[in-house]
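In what follows, a structure is listed as structure tokens, so that the remarks can point back to it.
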Amino acid sequence: MPYIVVRPDLHTQFGQRMPRFCLVVDEGNPFGLSLAPSSEYAECSTIPLRRGESLTDLLDRAPHDADLLVVCPQSFTSSPTNSHIGLDRRLSVVPCASTPVTPDQLSYFLRVCEETDHDALQESCDRILQALNLSEQLHLSDARHGASAVLETWHDYEWNQQAGLIGGGEQQIAPAGELSAVPAEITRFDSSAYLRLSGQLAVHGAVIVHRGEGDSHLKSARLYQELAMLARETLLLDLEAGLVTAVRPAGPEAKPAADALEQMFATDEHYRLVWEFGLGLNTAIRPVEGNCGLNEMYGGTEGILHIGLGLTPTTRFALTFLCTGTTVRGGDEVLAAPARRTLSRRRSAGCGCDEAIRR
Amino acid sequence: MPSKIVVNPSLLRQLGPPESAEFCVVTNPEFFDSVEIVRAGGYADYVKRSFAGGDFGEFLNTMVPERAHVLVMAPGLFFESPRQDAVGSQRKLLAMACNSTPTDHAALEHFMRCIEGTDPDAQGDFSERFFKAAENGDHLEYRDARYDTVAVLRHFDRDLVWNQQAGPVEWGEQQIVPAGEISVLPIDITEFDESLSLPLDGEIVIQGYPILHSGTPSFSRRDQARIHRALWGLTEDAVKARVTAGAITGLEAMGPNAKPVVDMLEAMFEIDSRYRTVWEIGHAVNTTHEILPGNHAMNEVYGGTEGCLHWGLGLTPYTQYHLDIISPGTTVSNDKGEALIGVVGEVAPVRLHV
């Protein structure tokens, strides 16, 4: 069976290593995750997450003094508490169950994990947090579409950092690279809380439709198909006090996506609430095609804004929209901007003209 | 009695620490007894295996230790890179590029020294600087100051594929060795498309060391040698070529030794017009390499001291041969004057093995 290599030594999110490395996989390891040898760890092992088992339960039987990497595309994994993880363990979780993920995509994002510069991510977060402390407002603008909005920052939002080295008892998503704000506790939808976000926002780029636990990928796939054109087209959202008050296609080609979003609002008004204001910071990612949750951390070259509508299970789906044409400024600091051009670069066994490596 | 081909795994820095792996050299029956492995580097064991052809993936599964650093030196056969699942997460594979040109005992010895001389971290750093400068520019300029020529590659005009064959080899990976090249092609080549080409326009100078690679199409070694001999005049004199939308539209011999070269290239264009397309531009970064005179594929990564350019014409198996011409006189920079390969205005030094 084709397999996916996991190289413990290249997962530098753990910083100074614990003596043990544990790879947590779905029962039966359907994606064929295979551990490479390590010089950083005294002991490496693979632990299956039993069907229906929570990470909390797994931690009861997992070794201590360990760095754990959780890669379970078939299991929804809710976050254990820090005390349950324990100071002698760190948890890095690839969040790959809420959207379908192919072996190639998983392999790609594990490679991104290996290439992620965690010190650089920490520096980005430090710079952004400082800008947030100094600026009452963030200014969002998409010059091409004439859209502009303001987020008032000095309010009681919960800011969540998924970047930097993971400390004892801590957990982080992988690939890392996000700083985000929600208007209330991150896992509890509260429609009385809202982000002070007003103006007009241009949505353009990858779209992610996260399914809820217990739901199948089928329904989210249909919705995704209707919104996927936003990789090429743009929607303009009118916002007032964190609510989407109107949806406008930037051009006639975007109308089907606008209609699909309006339909969502008609089904469930909760989708109007912008639940998440996120800054993707991982510059090693090039978004993959398709409905892939791991695209969320895409950071372009200087950070990329994304917003989240809905929160499962309160809403059936959760939607993430990237705003790749938007510049976010806090005072003089640029916190997100359209990506500079990059080249398609790949590590290769040989020269591209070598017949022996082409198949 | 030929001398031994000595393989010292402790000198192969691209492999990294063994982590209880065995070291395995795979070679052809005719070289088996000549290969001598130095038992150094902290490996669990040092073994040789004889490979006489067939499915290499199958050979790995059945004949090669499961946790191993593997060096393949198997000239004289068409060697096809194994699929990743045959390599396995417990192996690293280095394969000498010794199949597309005739490779004898002396060549294997020489290029083993080149592989040992490879500094993977330096090549990795070179690659990072290369891509940073490439992405910082709107286009790239390929100049030969001796002939005052320039060709422009508008590298953002379309999605080109940049292959980096340089740096350390991780578990589960394979590398053709000696390594040290960043090559750009118009597409991820799995299907040839005649309409594709690099967005390259202007004048280029082809002058230096030609390599004529064979592939899976039938060919005769005598023809390969004869054609290569006809191109050897490039070591003395230059050919200036006009390039329009990535294809050669005119050739000019810049000295008497280049005249037979122009004749041979024109003959190749006549037989197969696809040879006109500059399919590949090779930016070689192996700055410790020495060129072995002759027709040797493993010379391709020759990187001077600041990198060295080679032009690539033809693409096997579509054309019968693939021709690389190492051209130390060509420098590469972006439109902001940042150097990527070589030093603008200078010719890269040539280290020849004598």
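Scheme for the structure tokens: letters A, B, ... for chains in order shown; per-chain residue numbers from 1; ligand numbers from 1 in order shown.
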
Going by DSSP on the backbone, which residues of stretch 130-269 of chain A come out as strand (DSSP E)? List them as a PyMOL selection string.
chain A and resi 137-142+147-152+158-162+171-173+178-182+197-203+207-210+235-240+243-249

With a cut-off of 6 Å and counting only C-alpha atoms, select all residues of chain B in contact with chain A and give the selection as a PDB file with C-alpha atoms, in the first residue's frame.
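Saved file part25.pdb follows:
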ATOM      1  CA  GLU B  80      13.911   3.542 -13.448  1.00  0.00           C
ATOM      2  CA  SER B  81      13.500   5.307 -10.146  1.00  0.00           C
ATOM      3  CA  ASP B  85       6.280   2.806  -1.523  1.00  0.00           C
ATOM      4  CA  SER B  89       9.922   5.125   5.163  1.00  0.00           C
ATOM      5  CA  GLN B  90      12.992   3.328   6.511  1.00  0.00           C
ATOM      6  CA  GLU B 135      10.895  35.585  -6.926  1.00  0.00           C
ATOM      7  CA  VAL B 161       7.865  23.904 -12.746  1.00  0.00           C
ATOM      8  CA  TRP B 162      11.083  24.418 -10.809  1.00  0.00           C
ATOM      9  CA  ASN B 163      12.689  21.188  -9.661  1.00  0.00           C
ATOM     10  CA  GLN B 164      15.200  21.397  -6.859  1.00  0.00           C
ATOM     11  CA  GLN B 165      17.560  18.443  -6.883  1.00  0.00           C
ATOM     12  CA  TRP B 171      13.901   9.295   5.128  1.00  0.00           C
ATOM     13  CA  GLN B 174      15.659   9.346  -3.188  1.00  0.00           C
ATOM     14  CA  GLN B 175      18.128  11.545  -4.994  1.00  0.00           C
ATOM     15  CA  ILE B 176      19.975  11.181  -8.273  1.00  0.00           C
TER      16      ILE B 176
END

As a PyMOL selection string, please: every residue in stretch 64-175 of chain A that DSSP puts in alpha helix (DSSP H).
chain A and resi 82-85+103-115+118-134

Residue subset to file, keeping N, CA, C and O atoms, as a short mmCIF file (atom, residue, chain, number, x, y, z; two decimals), in the first residue's frame:
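selection-v1.cif, written as the output of this step:
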data_model
loop_
_atom_site.label_atom_id
_atom_site.label_comp_id
_atom_site.auth_asym_id
_atom_site.auth_seq_id
_atom_site.Cartn_x
_atom_site.Cartn_y
_atom_site.Cartn_z
N ASN A 82 -5.66 21.10 29.27
CA ASN A 82 -4.21 21.15 29.47
C ASN A 82 -3.78 20.23 30.61
O ASN A 82 -2.73 19.58 30.54
N SER A 83 -4.58 20.15 31.65
CA SER A 83 -4.17 19.32 32.79
C SER A 83 -4.18 17.85 32.40
O SER A 83 -3.40 17.05 32.90
N HIS A 84 -5.07 17.50 31.47
CA HIS A 84 -5.11 16.11 31.03
C HIS A 84 -3.90 15.78 30.15
O HIS A 84 -3.41 14.65 30.16
N ILE A 85 -3.46 16.76 29.38
CA ILE A 85 -2.26 16.52 28.58
C ILE A 85 -1.08 16.33 29.52
O ILE A 85 -0.29 15.40 29.39
N PRO A 103 -4.95 11.26 0.49
CA PRO A 103 -3.57 10.94 0.92
C PRO A 103 -2.55 11.95 0.39
O PRO A 103 -1.63 12.35 1.11
N ASP A 104 -2.72 12.36 -0.86
CA ASP A 104 -1.77 13.34 -1.42
C ASP A 104 -1.80 14.66 -0.66
O ASP A 104 -0.77 15.26 -0.39
N GLN A 105 -3.00 15.10 -0.31
CA GLN A 105 -3.12 16.36 0.43
C GLN A 105 -2.50 16.21 1.82
O GLN A 105 -1.80 17.10 2.30
N LEU A 106 -2.78 15.08 2.45
CA LEU A 106 -2.24 14.87 3.80
C LEU A 106 -0.71 14.83 3.75
O LEU A 106 -0.02 15.44 4.57
N SER A 107 -0.19 14.14 2.74
CA SER A 107 1.26 14.07 2.57
C SER A 107 1.84 15.46 2.37
O SER A 107 2.87 15.83 2.94
N TYR A 108 1.16 16.26 1.55
CA TYR A 108 1.61 17.63 1.29
C TYR A 108 1.63 18.45 2.57
O TYR A 108 2.62 19.14 2.87
N PHE A 109 0.57 18.38 3.35
CA PHE A 109 0.52 19.22 4.55
C PHE A 109 1.47 18.73 5.64
O PHE A 109 1.96 19.52 6.44
N LEU A 110 1.78 17.44 5.64
CA LEU A 110 2.80 16.97 6.58
C LEU A 110 4.16 17.51 6.16
O LEU A 110 5.00 17.85 6.99
N ARG A 111 4.36 17.63 4.87
CA ARG A 111 5.58 18.24 4.36
C ARG A 111 5.64 19.72 4.77
O ARG A 111 6.68 20.24 5.15
N VAL A 112 4.50 20.39 4.71
CA VAL A 112 4.43 21.79 5.15
C VAL A 112 4.81 21.89 6.63
O VAL A 112 5.56 22.77 7.03
N CYS A 113 4.31 20.94 7.43
CA CYS A 113 4.69 20.92 8.86
C CYS A 113 6.20 20.88 9.00
O CYS A 113 6.78 21.58 9.82
N GLU A 114 6.85 20.06 8.16
CA GLU A 114 8.31 19.92 8.24
C GLU A 114 9.00 21.21 7.84
O GLU A 114 10.10 21.51 8.32
N GLU A 115 8.39 21.97 6.96
CA GLU A 115 9.03 23.18 6.43
C GLU A 115 8.65 24.44 7.20
O GLU A 115 9.17 25.51 6.93
N HIS A 118 8.83 27.86 12.89
CA HIS A 118 8.02 28.20 14.06
C HIS A 118 8.50 29.48 14.74
O HIS A 118 7.69 30.22 15.31
N ASP A 119 9.79 29.74 14.68
CA ASP A 119 10.30 31.00 15.25
C ASP A 119 9.72 32.18 14.48
O ASP A 119 9.33 33.19 15.06
N ALA A 120 9.68 32.04 13.16
CA ALA A 120 9.13 33.12 12.33
C ALA A 120 7.65 33.33 12.64
O ALA A 120 7.18 34.47 12.69
N LEU A 121 6.93 32.24 12.87
CA LEU A 121 5.51 32.37 13.20
C LEU A 121 5.34 33.08 14.54
O LEU A 121 4.45 33.92 14.70
N GLN A 122 6.18 32.75 15.49
CA GLN A 122 6.09 33.41 16.80
C GLN A 122 6.37 34.90 16.65
O GLN A 122 5.66 35.74 17.23
N GLU A 123 7.36 35.22 15.84
CA GLU A 123 7.69 36.65 15.62
C GLU A 123 6.51 37.37 14.97
O GLU A 123 6.20 38.50 15.33
N SER A 124 5.87 36.71 14.00
CA SER A 124 4.70 37.32 13.35
C SER A 124 3.62 37.61 14.38
O SER A 124 3.03 38.69 14.40
N CYS A 125 3.37 36.63 15.22
CA CYS A 125 2.32 36.80 16.25
C CYS A 125 2.68 37.93 17.20
O CYS A 125 1.82 38.74 17.57
N ASP A 126 3.93 37.98 17.60
CA ASP A 126 4.35 39.04 18.54
C ASP A 126 4.11 40.40 17.92
O ASP A 126 3.62 41.34 18.58
N ARG A 127 4.46 40.51 16.64
CA ARG A 127 4.30 41.79 15.95
C ARG A 127 2.83 42.17 15.85
O ARG A 127 2.43 43.31 16.07
N ILE A 128 1.99 41.17 15.54
CA ILE A 128 0.56 41.44 15.38
C ILE A 128 -0.05 41.81 16.73
O ILE A 128 -0.83 42.77 16.84
N LEU A 129 0.31 41.08 17.77
CA LEU A 129 -0.27 41.36 19.10
C LEU A 129 0.14 42.74 19.58
O LEU A 129 -0.66 43.46 20.19
N GLN A 130 1.35 43.13 19.26
CA GLN A 130 1.79 44.47 19.65
C GLN A 130 0.96 45.52 18.90
O GLN A 130 0.52 46.51 19.48
N ALA A 131 0.76 45.27 17.61
CA ALA A 131 -0.05 46.20 16.81
C ALA A 131 -1.47 46.28 17.37
O ALA A 131 -2.07 47.36 17.43
N LEU A 132 -2.00 45.14 17.81
CA LEU A 132 -3.36 45.12 18.37
C LEU A 132 -3.42 45.92 19.67
O LEU A 132 -4.40 46.61 19.94
N ASN A 133 -2.36 45.82 20.44
CA ASN A 133 -2.33 46.57 21.70
C ASN A 133 -2.28 48.06 21.47
O ASN A 133 -2.82 48.84 22.25
N LEU A 134 -1.63 48.44 20.38
CA LEU A 134 -1.43 49.87 20.12
C LEU A 134 -2.54 50.49 19.28
O LEU A 134 -2.69 51.71 19.26
#

Non-local contacts of B:Thr118 (12 Å; only C-alpha atoms; under 6 positions in same chain excluded) as a PyMOL selection string
chain B and resi 11-15+111-112+124+166-168+177-181+285-290+301-303

Got a sec: who's within 6 Å of A:Cys323, counting only C-alpha atoms, leaving out chain neighbours fewer than 6 positions off, as a PDB file with N, CA, C and O atoms, in the first residue's frame?
ATOM      1  N   VAL A 203     -14.483  38.914  -0.374  1.00  0.00           N
ATOM      2  CA  VAL A 203     -14.124  37.514  -0.141  1.00  0.00           C
ATOM      3  C   VAL A 203     -13.620  36.935  -1.457  1.00  0.00           C
ATOM      4  O   VAL A 203     -14.328  36.950  -2.463  1.00  0.00           O
ATOM      5  N   HIS A 204     -12.397  36.449  -1.448  1.00  0.00           N
ATOM      6  CA  HIS A 204     -11.808  35.903  -2.679  1.00  0.00           C
ATOM      7  C   HIS A 204     -10.702  34.940  -2.286  1.00  0.00           C
ATOM      8  O   HIS A 204      -9.792  35.319  -1.563  1.00  0.00           O
ATOM      9  N   LEU A 305      -5.945  37.291   5.450  1.00  0.00           N
ATOM     10  CA  LEU A 305      -7.144  37.365   6.279  1.00  0.00           C
ATOM     11  C   LEU A 305      -8.125  36.252   5.893  1.00  0.00           C
ATOM     12  O   LEU A 305      -8.281  35.935   4.714  1.00  0.00           O
ATOM     13  N   HIS A 306      -8.768  35.655   6.885  1.00  0.00           N
ATOM     14  CA  HIS A 306      -9.919  34.793   6.604  1.00  0.00           C
ATOM     15  C   HIS A 306     -10.987  35.052   7.658  1.00  0.00           C
ATOM     16  O   HIS A 306     -10.682  35.491   8.778  1.00  0.00           O
TER      17      HIS A 306
END

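Minimum atom-to-atom distance to B:Phe219, evaluated using only C-alpha atoms, belongs to B:Tyr321 out of B:Phe51, B:Tyr321, B:Phe156, B:Phe126.
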
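The two atoms in question, atom CA of A:Gln16 and atom CA of A:Gly167, are spaced 9.4 Å apart.
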
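Using only C-alpha atoms, the nearest neighbour of A:Gly242 within the list A:Ala176, A:Ser220, A:Leu227, A:Glu152 is A:Glu152.
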